[in-house]
Amino acid sequence: MGDKNQALDLERDYKYGFITDIETDTVPKGLSEDVIRLISAKKNEPEWMLEYRLKAYRHWLTMEEPAWANVRYPKIDFNDIIYYSAPKKRGEGPKSLDELDPELLRTFEKLGIPLSEQKRISGVAVDAVFDSVSVGTTHKETLEKHGVVFCSISEAMREHEGLVRKYLGSVVPVSDNFYAALNAAVFTDGSFVYIPKGVRCPIDLSTYFRINASETGQFERTLVVADEGSFVNYLEGCTAPQRDENQLHAAVVELIALDDAEIKYSTVQNWYTGDKEGRGGIYNFVTKRGKCQGRNSRISWTQVESGSAITWKYPSCLLLGENSQGAFYSVALTHDHMQADTGTKMIHVGRNTRSTIISKGISTGHSRNSYRGQVKIMPSAAGARNYSQCDSMLVGDSCSASTYPYIEVKNDTAVLEHEATTSRISEDQLFYLRSRGLDTEQAISILVQGFCKDVFKQLPLEFSVEAVKLIEMKLENSVG
Amino acid sequence: MAQALLEIKNLSVAVEGKKVLKGLDLTIRPGEVHAIMGPNGSGKSTLSKVVAGHPAYEVTGGTLRYEVNFQMRDLLEMEPDVRAKEGVFLAFQYPIEVPGVSNSAFLRASFNSILKHQGAQELDEAQFAQFLEKKLEVVKMDPRFLDRPVNVGFSGGEKKRNEILQMAVLSPRLAFLDETDSGLDIDALRIVAEGVNRLRTKENGIVLVTHYQRLLDHIVPDFVHVLADGRIVETGDKSLARRLEERGYDWLVK
């Protein structure tokens, strides 16, 4: 096969694998207090923020990398990573999205996220994060009219300092875990959302994360606060170029829902997975947690995890408010040499709190796919309920699927239900579909879509269409 | 005589190394209805599955030829989905469950895949819903079945009826009905049989694989074959089925 054909094949495998050629402003490789000071200075941060970072860094130095997950990878050299890389600003910087560097506009357009005024997607406001910084946010005026704050977290630190200071780290403290501490020390950007009392956010909010620079880690921080009686639908998408080296993505997402507020948080994760032999790809080590602080508050996490060489991610809910509800809906697809250890934690503290967990794992190729979930009912959580359903589907016989449920109940009035299944696409099932005129790929895609239906139906419509396409494409390349 | 739709010559088939069919001959022409009867384990279901292309059945000898555009083509060269696209249909003895996929979505995917193969315009959801409404009539099926996942939680009779609905939607040129009558009560049997009769045309061939004469009271076959020990041992008209009902298979199987 000639080089040209090979390039075409790669294109088909992962169409987001391109690299944007752009001048960048980077800090020297490695991690030290000086690097953290430099990042903080570049971002023009208040003093308390720098202190927060340094405290996190000092704590991180005392911590060990977690080794309990069912994933294997060579030790990461944290001094071999660039912690800040941003597209160079021209002069004063753009006043509107139309004045952004055309190369950046083209990049996001190619990713299906047009940012310019004429082309932007109606009905969804987008915050576009490129390597370490947010390059722009659409639909800002519409949102401002409703009092909704949606901007990069750097901007929020200047414009809404009180809110950021109050809530940052209130759900995931700096000492929470190794990667959360690292993130707190070096996070460079991310999105901030505040929905005021009683406001239903008029359009969906979305952040699109793009890693571009090589040898760079992306450490973003997202903070969503839904005030009393408010509602927001938040979507998140991610892609990265194809590179032979592994790249680290260690994000922290914190959600806070006050009385009667609801946050729906959906992710379609499609980071570069590495090649067929398992070279390269993103290490996706992410801490996501929501706090249902108020009475009757609700938080749901919906994720479609189809990318990354390694995924280590447990979007969780801390159910404090009486009658509050948490949900976790997940599809994790692994192929070739991917490894995923993902699941959730539902911590019931308040009375009559409820949680739902629906996890669907699909493994193909030589991949390894684990569900790890914890349901904890505290003594105060009278009348708590949990329903968990964890299903695994195996395609082929070189892959593996594991389920690790942890259940801890300290209140007798709680009711927990747990169901788990593992299935293989059977020859008879495939034959049945093929005998109805569907080829093998279509047949597998239909079986998988059926398998994932309970999760896909939780996604906003456009996202669910996107997710189905994504899963189909991935399966096409890994089956047959 | 009209050109054959399906021509099977000296067919031998093994499943997991065990010989099941041992030199079977059978020719189906357009417009004909054939019934294949025979004792348990004689190879009736195997024949249906081989025609549809189940990968677990190994053809060890003989030929299976099927008419496509007036030319006899080697059926074994065609993948199961290609056979379906060219008009081969098997109503399963044990229809398979497809969790999470609605009956209507499945039917549409299947129908459109066949339309696409024929170079015809695929139907959108609304067009297909309209088309499907008429087909439901054929098997007197409640439209509520369309929203339910394929065969999941269906009773035995409902599954069989669903197979005939699929047949009505796909209008195959050659249909094998593998024990479609077993597990049906008298009313359901009549509905299914009437459905099949409505799908009977001058152009298509239908093969009924059955244990019982009672199906043939409702769908009158042109030919009745007795399959025993992997071969057709007797062929006759509908009166053969009656004789079998009275005398059993012993007089044919020595």
# chains A, B, ... in the order shown; residues from 1 in each chain; ligands from 1
call {"tool": "interface_residues", "arguments": {"of": "chain A", "to": "chain B", "cutoff": "10 Å", "atoms": "only C-alpha atoms", "output": "CSV table (one decimal) with N, CA and C atoms, in the first residue's frame"}}
result
chain,number,residue,atom,x,y,z
A,427,GLU,N,-23.7,-15.5,17.0
A,427,GLU,CA,-23.8,-15.8,15.6
A,427,GLU,C,-25.3,-15.8,15.2
A,428,ASP,N,-26.1,-16.3,16.0
A,428,ASP,CA,-27.5,-16.4,15.6
A,428,ASP,C,-28.2,-15.0,15.5
A,429,GLN,N,-27.8,-14.1,16.4
A,429,GLN,CA,-28.3,-12.8,16.3
A,429,GLN,C,-27.9,-12.1,15.0
A,430,LEU,N,-26.6,-12.2,14.8
A,430,LEU,CA,-26.1,-11.6,13.5
A,430,LEU,C,-26.7,-12.2,12.3
A,431,PHE,N,-26.9,-13.5,12.3
A,431,PHE,CA,-27.5,-14.2,11.2
A,431,PHE,C,-28.9,-13.7,10.9
A,432,TYR,N,-29.6,-13.6,12.0
A,432,TYR,CA,-31.0,-13.1,11.9
A,432,TYR,C,-31.1,-11.7,11.2
A,433,LEU,N,-30.2,-10.8,11.7
A,433,LEU,CA,-30.2,-9.5,11.1
A,433,LEU,C,-29.7,-9.5,9.6
A,434,ARG,N,-28.7,-10.4,9.4
A,434,ARG,CA,-28.2,-10.4,8.0
A,434,ARG,C,-29.2,-11.1,7.1
A,435,SER,N,-30.0,-12.0,7.6
A,435,SER,CA,-31.0,-12.6,6.7
A,435,SER,C,-32.1,-11.7,6.4
A,436,ARG,N,-32.1,-10.5,7.0
A,436,ARG,CA,-33.1,-9.5,6.7
A,436,ARG,C,-32.4,-8.4,5.8
A,437,GLY,N,-31.3,-8.7,5.2
A,437,GLY,CA,-30.7,-7.8,4.3
A,437,GLY,C,-29.7,-6.7,4.8
A,438,LEU,N,-29.4,-6.9,6.1
A,438,LEU,CA,-28.4,-6.0,6.7
A,438,LEU,C,-27.0,-6.6,6.7
A,439,ASP,N,-26.0,-5.8,6.2
A,439,ASP,CA,-24.7,-6.4,6.2
A,439,ASP,C,-24.1,-6.5,7.7
A,440,THR,N,-23.0,-7.1,7.8
A,440,THR,CA,-22.5,-7.4,9.2
A,440,THR,C,-22.3,-6.1,9.9
A,442,GLN,N,-23.8,-3.1,9.5
A,442,GLN,CA,-25.1,-2.6,9.9
A,442,GLN,C,-25.7,-3.4,11.0
A,443,ALA,N,-25.6,-4.7,10.9
A,443,ALA,CA,-26.2,-5.6,11.9
A,443,ALA,C,-25.6,-5.3,13.3
A,446,ILE,N,-26.7,-1.9,14.6
A,446,ILE,CA,-28.1,-2.0,15.1
A,446,ILE,C,-28.2,-2.6,16.5
A,447,LEU,N,-27.4,-3.7,16.7
A,447,LEU,CA,-27.4,-4.4,18.0
A,447,LEU,C,-26.8,-3.5,19.0
A,448,VAL,N,-25.8,-2.8,18.7
A,448,VAL,CA,-25.1,-1.9,19.7
A,448,VAL,C,-26.0,-0.7,20.0
A,449,GLN,N,-26.6,-0.2,19.0
A,449,GLN,CA,-27.6,1.0,19.3
A,449,GLN,C,-28.7,0.5,20.2
A,450,GLY,N,-29.2,-0.7,20.0
A,450,GLY,CA,-30.2,-1.2,20.8
A,450,GLY,C,-29.7,-1.3,22.2
A,451,PHE,N,-28.5,-1.8,22.3
A,451,PHE,CA,-27.9,-2.0,23.6
A,451,PHE,C,-27.7,-0.7,24.4
A,452,CYS,N,-27.4,0.4,23.7
A,452,CYS,CA,-27.1,1.7,24.3
A,452,CYS,C,-28.3,2.6,24.4
A,453,LYS,N,-29.5,2.1,24.0
A,453,LYS,CA,-30.6,3.0,23.8
A,453,LYS,C,-31.0,3.8,25.1
A,454,ASP,N,-30.9,3.1,26.2
A,454,ASP,CA,-31.3,3.7,27.5
A,454,ASP,C,-30.4,4.9,27.8
call {"tool": "residues_around", "arguments": {"residues": "Asn197 in chain B", "least_positions_apart": "5", "cutoff": "10 Å", "atoms": "only C-alpha atoms", "output": "number ranges by chain"}}
result
B: 33, 138, 191-192, 206, 218-220
call {"tool": "residues_around", "arguments": {"residues": "Arg190 in chain B", "least_positions_apart": "3", "cutoff": "10 Å", "atoms": "only C-alpha atoms", "output": "list in words"}}
result
Val139, Asp181, Leu184, Asp185, Ile186, Asp187, Ala193, Glu194, Gly195, Val196, Leu215, Asp217, His218 and Ile219 of chain B
call {"tool": "closest_residue", "arguments": {"among": "B:Glu58, B:Lys44, B:Leu24, B:Ala126", "to": "Leu177 in chain B", "atoms": "only C-alpha atoms"}}
result
B:Lys44
call {"tool": "select_by_dssp", "arguments": {"residues": "range 316-352 of chain A", "states": "strand (DSSP E)", "output": "ChimeraX atom specification"}}
result
/A:316-319,325-334,339-348
call {"tool": "residues_around", "arguments": {"residues": "Val253 in chain B", "least_positions_apart": "2", "cutoff": "12 Å", "atoms": "only C-alpha atoms", "output": "list of chain:residue names"}}
result
B:Gly38, B:Pro39, B:Ser42, B:Val226, B:Leu227, B:Ala228, B:Asp229, B:Gly230, B:Arg231, B:Ile232, B:Val233, B:Glu234, B:Leu244, B:Arg247, B:Gly248, B:Tyr249, B:Asp250, B:Trp251
call {"tool": "residues_around", "arguments": {"residues": "His366 in chain A", "least_positions_apart": "6", "cutoff": "10 Å", "atoms": "only C-alpha atoms", "output": "PDB file with N, CA and C atoms, in the first residue's frame"}}
result
ATOM      1  N   LYS A 276      -3.509   1.357  15.899  1.00  0.00           N
ATOM      2  CA  LYS A 276      -3.924  -0.051  16.011  1.00  0.00           C
ATOM      3  C   LYS A 276      -3.018  -0.857  16.943  1.00  0.00           C
ATOM      4  N   GLU A 277      -1.736  -0.446  17.011  1.00  0.00           N
ATOM      5  CA  GLU A 277      -0.804  -1.180  17.879  1.00  0.00           C
ATOM      6  C   GLU A 277      -0.791  -0.618  19.297  1.00  0.00           C
ATOM      7  N   GLY A 278      -1.569   0.440  19.537  1.00  0.00           N
ATOM      8  CA  GLY A 278      -1.623   0.999  20.877  1.00  0.00           C
ATOM      9  C   GLY A 278      -0.595   2.095  21.120  1.00  0.00           C
ATOM     10  N   THR A 334     -14.691   0.607  23.865  1.00  0.00           N
ATOM     11  CA  THR A 334     -13.239   0.496  23.734  1.00  0.00           C
ATOM     12  C   THR A 334     -12.923  -0.403  22.544  1.00  0.00           C
ATOM     13  N   HIS A 335     -11.870  -0.050  21.813  1.00  0.00           N
ATOM     14  CA  HIS A 335     -11.462  -0.881  20.678  1.00  0.00           C
ATOM     15  C   HIS A 335      -9.947  -0.943  20.639  1.00  0.00           C
ATOM     16  N   ASP A 336      -9.409  -1.774  19.737  1.00  0.00           N
ATOM     17  CA  ASP A 336      -7.962  -1.969  19.628  1.00  0.00           C
ATOM     18  C   ASP A 336      -7.343  -2.143  21.015  1.00  0.00           C
ATOM     19  N   HIS A 337      -6.389  -1.250  21.395  1.00  0.00           N
ATOM     20  CA  HIS A 337      -5.734  -1.451  22.682  1.00  0.00           C
ATOM     21  C   HIS A 337      -6.192  -0.473  23.753  1.00  0.00           C
ATOM     22  N   MET A 338      -7.370   0.085  23.567  1.00  0.00           N
ATOM     23  CA  MET A 338      -7.841   1.067  24.551  1.00  0.00           C
ATOM     24  C   MET A 338      -8.123   0.406  25.901  1.00  0.00           C
ATOM     25  N   GLN A 339      -8.008   1.228  26.964  1.00  0.00           N
ATOM     26  CA  GLN A 339      -8.356   0.744  28.293  1.00  0.00           C
ATOM     27  C   GLN A 339      -9.267   1.785  28.945  1.00  0.00           C
ATOM     28  N   GLY A 396     -16.114 -10.000  19.582  1.00  0.00           N
ATOM     29  CA  GLY A 396     -14.847 -10.697  19.375  1.00  0.00           C
ATOM     30  C   GLY A 396     -14.398 -11.353  20.665  1.00  0.00           C
ATOM     31  N   ASP A 397     -13.239 -12.068  20.644  1.00  0.00           N
ATOM     32  CA  ASP A 397     -12.872 -12.789  21.854  1.00  0.00           C
ATOM     33  C   ASP A 397     -11.504 -12.427  22.428  1.00  0.00           C
ATOM     34  N   SER A 398     -10.930 -11.285  22.011  1.00  0.00           N
ATOM     35  CA  SER A 398      -9.652 -10.882  22.602  1.00  0.00           C
ATOM     36  C   SER A 398      -9.834  -9.734  23.596  1.00  0.00           C
ATOM     37  N   CYS A 399     -11.074  -9.303  23.802  1.00  0.00           N
ATOM     38  CA  CYS A 399     -11.301  -8.158  24.680  1.00  0.00           C
ATOM     39  C   CYS A 399     -11.787  -8.634  26.049  1.00  0.00           C
ATOM     40  N   SER A 400     -11.845  -7.697  26.996  1.00  0.00           N
ATOM     41  CA  SER A 400     -12.352  -8.102  28.301  1.00  0.00           C
ATOM     42  C   SER A 400     -13.258  -7.036  28.884  1.00  0.00           C
TER      43      SER A 400
END
call {"tool": "closest_residue", "arguments": {"among": "A:Thr138, A:Thr353, A:Thr62, A:Ser392", "to": "Ser370 in chain A", "atoms": "only C-alpha atoms"}}
result
A:Ser392
call {"tool": "residues_around", "arguments": {"residues": "Leu31 in chain A", "least_positions_apart": "3", "cutoff": "8 Å", "atoms": "only C-alpha atoms", "output": "ChimeraX atom specification"}}
result
/A:34-36,78-79,81,83
call {"tool": "select_by_dssp", "arguments": {"residues": "range 43-91 of chain B", "states": "alpha helix (DSSP H)", "output": "MDAnalysis selection string"}}
result
chainID B and resid 44:52 80:85
call {"tool": "closest_residue", "arguments": {"among": "A:Ile358, A:Leu258, A:Ile39, A:Val172", "to": "Gly198 in chain A", "atoms": "only C-alpha atoms"}}
result
A:Leu258
call {"tool": "residues_around", "arguments": {"residues": "Gln71 in chain B", "least_positions_apart": "2", "cutoff": "12 Å", "atoms": "only C-alpha atoms", "output": "PyMOL selection string"}}
result
chain B and resi 3-7+65-69+73-75
call {"tool": "write_last_selection", "arguments": {"atoms": "C-alpha atoms", "output": "compact mmCIF listing (two decimals), in the first residue's frame"}}
result
# COMPACT_ATOMS: atom_id res chain seq x y z
CA GLN B 3 -37.38 -21.29 -15.37
CA ALA B 4 -36.49 -22.53 -11.89
CA LEU B 5 -36.28 -20.05 -9.02
CA LEU B 6 -34.24 -22.40 -6.89
CA GLU B 7 -32.48 -25.52 -8.04
CA ARG B 65 -28.57 -22.30 -7.66
CA TYR B 66 -30.91 -19.33 -7.51
CA GLU B 67 -32.31 -17.24 -10.30
CA VAL B 68 -31.22 -13.59 -10.34
CA ASN B 69 -32.15 -11.54 -13.41
CA ARG B 73 -26.38 -18.03 -9.75
CA ASP B 74 -24.51 -20.03 -7.15
CA LEU B 75 -26.28 -19.21 -3.89
call {"tool": "closest_residue", "arguments": {"among": "A:Thr413, A:Thr26, A:Ser154, A:Ile76", "to": "Met378 in chain A", "atoms": "only C-alpha atoms"}}
result
A:Thr413
call {"tool": "atom_distance", "arguments": {"atom1": "CA of Thr273 in chain A", "atom2": "CA of Tyr14 in chain A"}}
result
8.8 Å
call {"tool": "atom_distance", "arguments": {"atom1": "CA of Thr207 in chain A", "atom2": "CA of Ala332 in chain A"}}
result
20.2 Å
